[in-house]
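my_file12.pdb follows; it contains PDB, C-alpha atoms, pLDDT in the B column.
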```pdb
ATOM      1  CA  MET A 245      56.026 -54.006  -7.181  1.00 57.00           C
ATOM      2  CA  THR A 246      55.929 -50.586  -8.833  1.00 63.00           C
ATOM      3  CA  ALA A 247      54.165 -47.573  -7.435  1.00 64.00           C
ATOM      4  CA  VAL A 248      51.287 -46.156  -9.405  1.00 64.00           C
ATOM      5  CA  GLN A 249      51.294 -42.395  -9.765  1.00 64.00           C
ATOM      6  CA  PRO A 250      47.891 -40.766  -9.281  1.00 61.00           C
ATOM      7  CA  GLN A 251      46.642 -38.999 -12.374  1.00 61.00           C
ATOM      8  CA  LYS A 252      45.896 -35.307 -12.200  1.00 59.00           C
ATOM      9  CA  THR A 253      42.138 -34.824 -12.113  1.00 62.00           C
ATOM     10  CA  GLN A 254      40.620 -32.651 -14.784  1.00 69.00           C
ATOM     11  CA  ARG A 255      37.638 -30.411 -14.217  1.00 73.00           C
ATOM     12  CA  LEU A 256      34.719 -31.399 -16.418  1.00 83.00           C
ATOM     13  CA  GLU A 257      33.683 -28.787 -18.941  1.00 89.00           C
ATOM     14  CA  PHE A 258      29.952 -28.223 -19.348  1.00 92.00           C
ATOM     15  CA  PRO A 259      28.273 -26.222 -22.106  1.00 93.00           C
ATOM     16  CA  GLU A 260      27.199 -22.733 -21.010  1.00 95.00           C
ATOM     17  CA  ARG A 261      23.592 -23.604 -21.774  1.00 95.00           C
ATOM     18  CA  THR A 262      23.743 -26.572 -19.392  1.00 94.00           C
ATOM     19  CA  LEU A 263      25.269 -24.469 -16.609  1.00 94.00           C
ATOM     20  CA  LYS A 264      22.649 -21.722 -16.973  1.00 95.00           C
ATOM     21  CA  ARG A 265      19.752 -24.165 -17.052  1.00 95.00           C
ATOM     22  CA  ALA A 266      20.968 -26.042 -13.978  1.00 95.00           C
ATOM     23  CA  ALA A 267      21.672 -22.821 -12.047  1.00 94.00           C
ATOM     24  CA  ARG A 268      18.214 -21.482 -12.887  1.00 94.00           C
ATOM     25  CA  GLY A 269      16.660 -24.773 -11.772  1.00 92.00           C
ATOM     26  CA  MET A 270      18.451 -24.667  -8.426  1.00 92.00           C
ATOM     27  CA  LYS A 271      17.214 -21.108  -7.812  1.00 92.00           C
ATOM     28  CA  CYS A 272      13.596 -21.977  -8.654  1.00 93.00           C
ATOM     29  CA  LEU A 273      13.333 -24.565  -5.904  1.00 94.00           C
ATOM     30  CA  PRO A 274      12.602 -23.948  -2.211  1.00 94.00           C
ATOM     31  CA  PHE A 275      16.050 -25.068  -1.045  1.00 97.00           C
ATOM     32  CA  LYS A 276      18.729 -22.947   0.577  1.00 97.00           C
ATOM     33  CA  LEU A 277      22.383 -22.964  -0.447  1.00 96.00           C
ATOM     34  CA  GLU A 278      23.281 -24.787   2.788  1.00 97.00           C
ATOM     35  CA  LEU A 279      21.593 -27.948   1.476  1.00 98.00           C
ATOM     36  CA  PHE A 280      23.760 -27.991  -1.635  1.00 97.00           C
ATOM     37  CA  VAL A 281      26.919 -27.172   0.324  1.00 97.00           C
ATOM     38  CA  THR A 282      26.194 -30.133   2.602  1.00 97.00           C
ATOM     39  CA  MET A 283      25.487 -32.380  -0.404  1.00 97.00           C
ATOM     40  CA  ARG A 284      28.880 -31.431  -1.817  1.00 95.00           C
ATOM     41  CA  ASP A 285      30.599 -33.046   1.176  1.00 94.00           C
ATOM     42  CA  ARG A 286      28.238 -35.886   2.043  1.00 95.00           C
ATOM     43  CA  SER A 287      24.916 -37.416   1.110  1.00 95.00           C
ATOM     44  CA  VAL A 288      21.747 -36.001   2.648  1.00 97.00           C
ATOM     45  CA  PRO A 289      18.772 -38.281   3.385  1.00 97.00           C
ATOM     46  CA  LEU A 290      15.339 -37.195   2.213  1.00 97.00           C
ATOM     47  CA  LEU A 291      13.946 -37.046   5.761  1.00 97.00           C
ATOM     48  CA  ALA A 292      16.618 -34.491   6.747  1.00 98.00           C
ATOM     49  CA  ILE A 293      14.957 -32.049   4.323  1.00 98.00           C
ATOM     50  CA  VAL A 294      11.273 -32.760   5.012  1.00 98.00           C
ATOM     51  CA  ASP A 295       8.968 -30.789   7.339  1.00 97.00           C
ATOM     52  CA  SER A 296      10.421 -28.765  10.208  1.00 97.00           C
ATOM     53  CA  VAL A 297      13.639 -30.814  10.148  1.00 98.00           C
ATOM     54  CA  GLY A 298      14.541 -29.143   6.848  1.00 98.00           C
ATOM     55  CA  VAL A 299      14.095 -25.712   8.426  1.00 98.00           C
ATOM     56  CA  GLU A 300      16.111 -26.708  11.510  1.00 98.00           C
ATOM     57  CA  ASN A 301      18.929 -28.007   9.283  1.00 98.00           C
ATOM     58  CA  ASN A 302      18.839 -24.691   7.358  1.00 98.00           C
ATOM     59  CA  TYR A 303      18.000 -26.574   4.147  1.00 98.00           C
ATOM     60  CA  THR A 304      14.606 -24.927   3.516  1.00 97.00           C
ATOM     61  CA  ARG A 305      12.945 -21.614   4.349  1.00 95.00           C
ATOM     62  CA  SER A 306       9.659 -23.221   5.390  1.00 97.00           C
ATOM     63  CA  PRO A 307       8.486 -26.768   6.131  1.00 98.00           C
ATOM     64  CA  LEU A 308       7.945 -28.837   2.981  1.00 98.00           C
ATOM     65  CA  ASN A 309       6.085 -32.121   2.700  1.00 97.00           C
ATOM     66  CA  GLU A 310       7.852 -35.263   1.561  1.00 97.00           C
ATOM     67  CA  LEU A 311       6.222 -35.365  -1.878  1.00 97.00           C
ATOM     68  CA  ARG A 312       7.264 -31.806  -2.726  1.00 97.00           C
ATOM     69  CA  VAL A 313      10.838 -32.417  -1.574  1.00 98.00           C
ATOM     70  CA  GLU A 314      11.117 -35.700  -3.493  1.00 96.00           C
ATOM     71  CA  ASN A 315       9.700 -34.184  -6.698  1.00 96.00           C
ATOM     72  CA  SER A 316      12.075 -31.214  -6.455  1.00 97.00           C
ATOM     73  CA  LEU A 317      15.076 -33.486  -5.892  1.00 97.00           C
ATOM     74  CA  LEU A 318      14.073 -35.716  -8.800  1.00 96.00           C
ATOM     75  CA  TRP A 319      13.871 -32.647 -11.029  1.00 96.00           C
ATOM     76  CA  LEU A 320      17.422 -31.736  -9.997  1.00 97.00           C
ATOM     77  CA  ILE A 321      18.475 -35.263 -10.967  1.00 96.00           C
ATOM     78  CA  GLN A 322      16.972 -34.679 -14.424  1.00 96.00           C
ATOM     79  CA  LEU A 323      18.900 -31.413 -14.684  1.00 95.00           C
ATOM     80  CA  GLY A 324      22.097 -33.307 -13.836  1.00 96.00           C
ATOM     81  CA  VAL A 325      22.741 -31.498 -10.534  1.00 97.00           C
ATOM     82  CA  LEU A 326      22.044 -34.384  -8.129  1.00 97.00           C
ATOM     83  CA  ARG A 327      22.316 -38.137  -7.993  1.00 96.00           C
ATOM     84  CA  ARG A 328      20.909 -40.721  -5.617  1.00 95.00           C
ATOM     85  CA  GLU A 329      23.309 -42.529  -3.345  1.00 92.00           C
ATOM     86  CA  VAL A 330      23.733 -46.252  -3.833  1.00 88.00           C
ATOM     87  CA  ASP A 331      24.797 -48.764  -1.210  1.00 87.00           C
ATOM     88  CA  GLY A 332      25.196 -52.547  -1.201  1.00 84.00           C
ATOM     89  CA  GLN A 333      21.427 -53.003  -1.225  1.00 87.00           C
ATOM     90  CA  GLY A 334      20.766 -50.629  -4.126  1.00 81.00           C
ATOM     91  CA  ILE A 335      19.436 -47.075  -4.366  1.00 81.00           C
ATOM     92  CA  THR A 336      18.974 -45.249  -1.054  1.00 88.00           C
ATOM     93  CA  ASP A 337      16.849 -42.264  -0.010  1.00 92.00           C
ATOM     94  CA  SER A 338      19.947 -40.038   0.134  1.00 96.00           C
ATOM     95  CA  PHE A 339      21.128 -37.506  -2.428  1.00 97.00           C
ATOM     96  CA  ARG A 340      24.476 -35.998  -3.378  1.00 96.00           C
ATOM     97  CA  LEU A 341      25.794 -33.443  -5.871  1.00 97.00           C
ATOM     98  CA  THR A 342      27.127 -34.484  -9.264  1.00 97.00           C
ATOM     99  CA  PRO A 343      30.213 -32.835 -10.764  1.00 96.00           C
ATOM    100  CA  LEU A 344      27.870 -30.301 -12.418  1.00 96.00           C
ATOM    101  CA  GLY A 345      26.243 -29.542  -9.078  1.00 96.00           C
ATOM    102  CA  ARG A 346      29.614 -29.172  -7.336  1.00 96.00           C
ATOM    103  CA  GLN A 347      30.751 -26.737 -10.017  1.00 95.00           C
ATOM    104  CA  LEU A 348      27.611 -24.620  -9.557  1.00 95.00           C
ATOM    105  CA  VAL A 349      27.964 -24.557  -5.762  1.00 94.00           C
ATOM    106  CA  ALA A 350      31.627 -23.588  -6.039  1.00 91.00           C
ATOM    107  CA  GLY A 351      30.556 -20.616  -8.134  1.00 79.00           C
TER     108      GLY A 351
END
```
What's the structure tokens form of this structure?
Amino acid sequence: MTAVQPQKTQRLEFPERTLKRAARGMKCLPFKLELFVTMRDRSVPLLAIVDSVGVENNYTRSPLNELRVENSLLWLIQLGVLRREVDGQGITDSFRLTPLGRQLVAG
């Protein structure tokens, strides 16, 4: 059996317009950078961001209701910054950064 050499990963290149739009979108929302840093490393469930839990987790500045959080996260999905996690049963209530989102968080 022959060993397979891992391929060098390439960083995705995004148009400047896409980067600016996504960065502006992230700044317009009521989320703190800590939320996106956490999403870079692992998925974050919706209920970890809602109400006082979001403040305690340092994800939001003030308590936000579930509808506002969900709508904001869905908008970030449309911008290409986030994606929903999927498990064996289908789509979950957890979110994670896309390559575009990781690039924006990295600066």
Name the closest residue to Gly345 of chain A among the candidates A:Val325, A:Leu311, A:Leu320, A:Val330; distances are taken between atoms, counting all atoms listed in the file.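 Among the listed residues, the smallest separation from Gly345 of chain A belongs to A:Val325.
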Just give me the gap between atom CA of Leu263 of chain A and atom CA of Leu277 of chain A in Å, one decimal is fine.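 Computed distance, atom CA of Leu263 of chain A to atom CA of Leu277 of chain A, equals 16.5 Å.
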Please write as a PyMOL selection string the full residue list that the PyMOL selection byres ((chain A and resi 288) around 10) yields on this file. chain A and resi 279-280+282-287+289-293+328-329+337-341
In Å, how far is it from atom CA of Thr342 of chain A to atom CA of Leu326 of chain A?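 Atom-to-atom, atom CA of Thr342 of chain A and atom CA of Leu326 of chain A are spaced 5.2 Å apart.
Shortest separation to Val299 of chain A among A:Phe275, A:Leu348, A:Asp331, A:Arg268 occurs at residue A:Phe275, atoms counted being all atoms listed in the file.
Each of A:Glu300, A:Gly324, A:Pro274, A:Leu318 was checked against Gln347 of chain A using only C-alpha atoms; the smallest atom-to-atom distance is that of A:Gly324.
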For Asn302 of chain A, work out the shell of residues within 8 Å, counting only C-alpha atoms and skipping chain neighbours fewer than 4 positions away, then give it as JSON, numbers by chain. {"A": [276, 278, 279, 298]}
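Put simply, atom CA of Gln333 of chain A is 23.8 Å away from atom CA of Trp319 of chain A.
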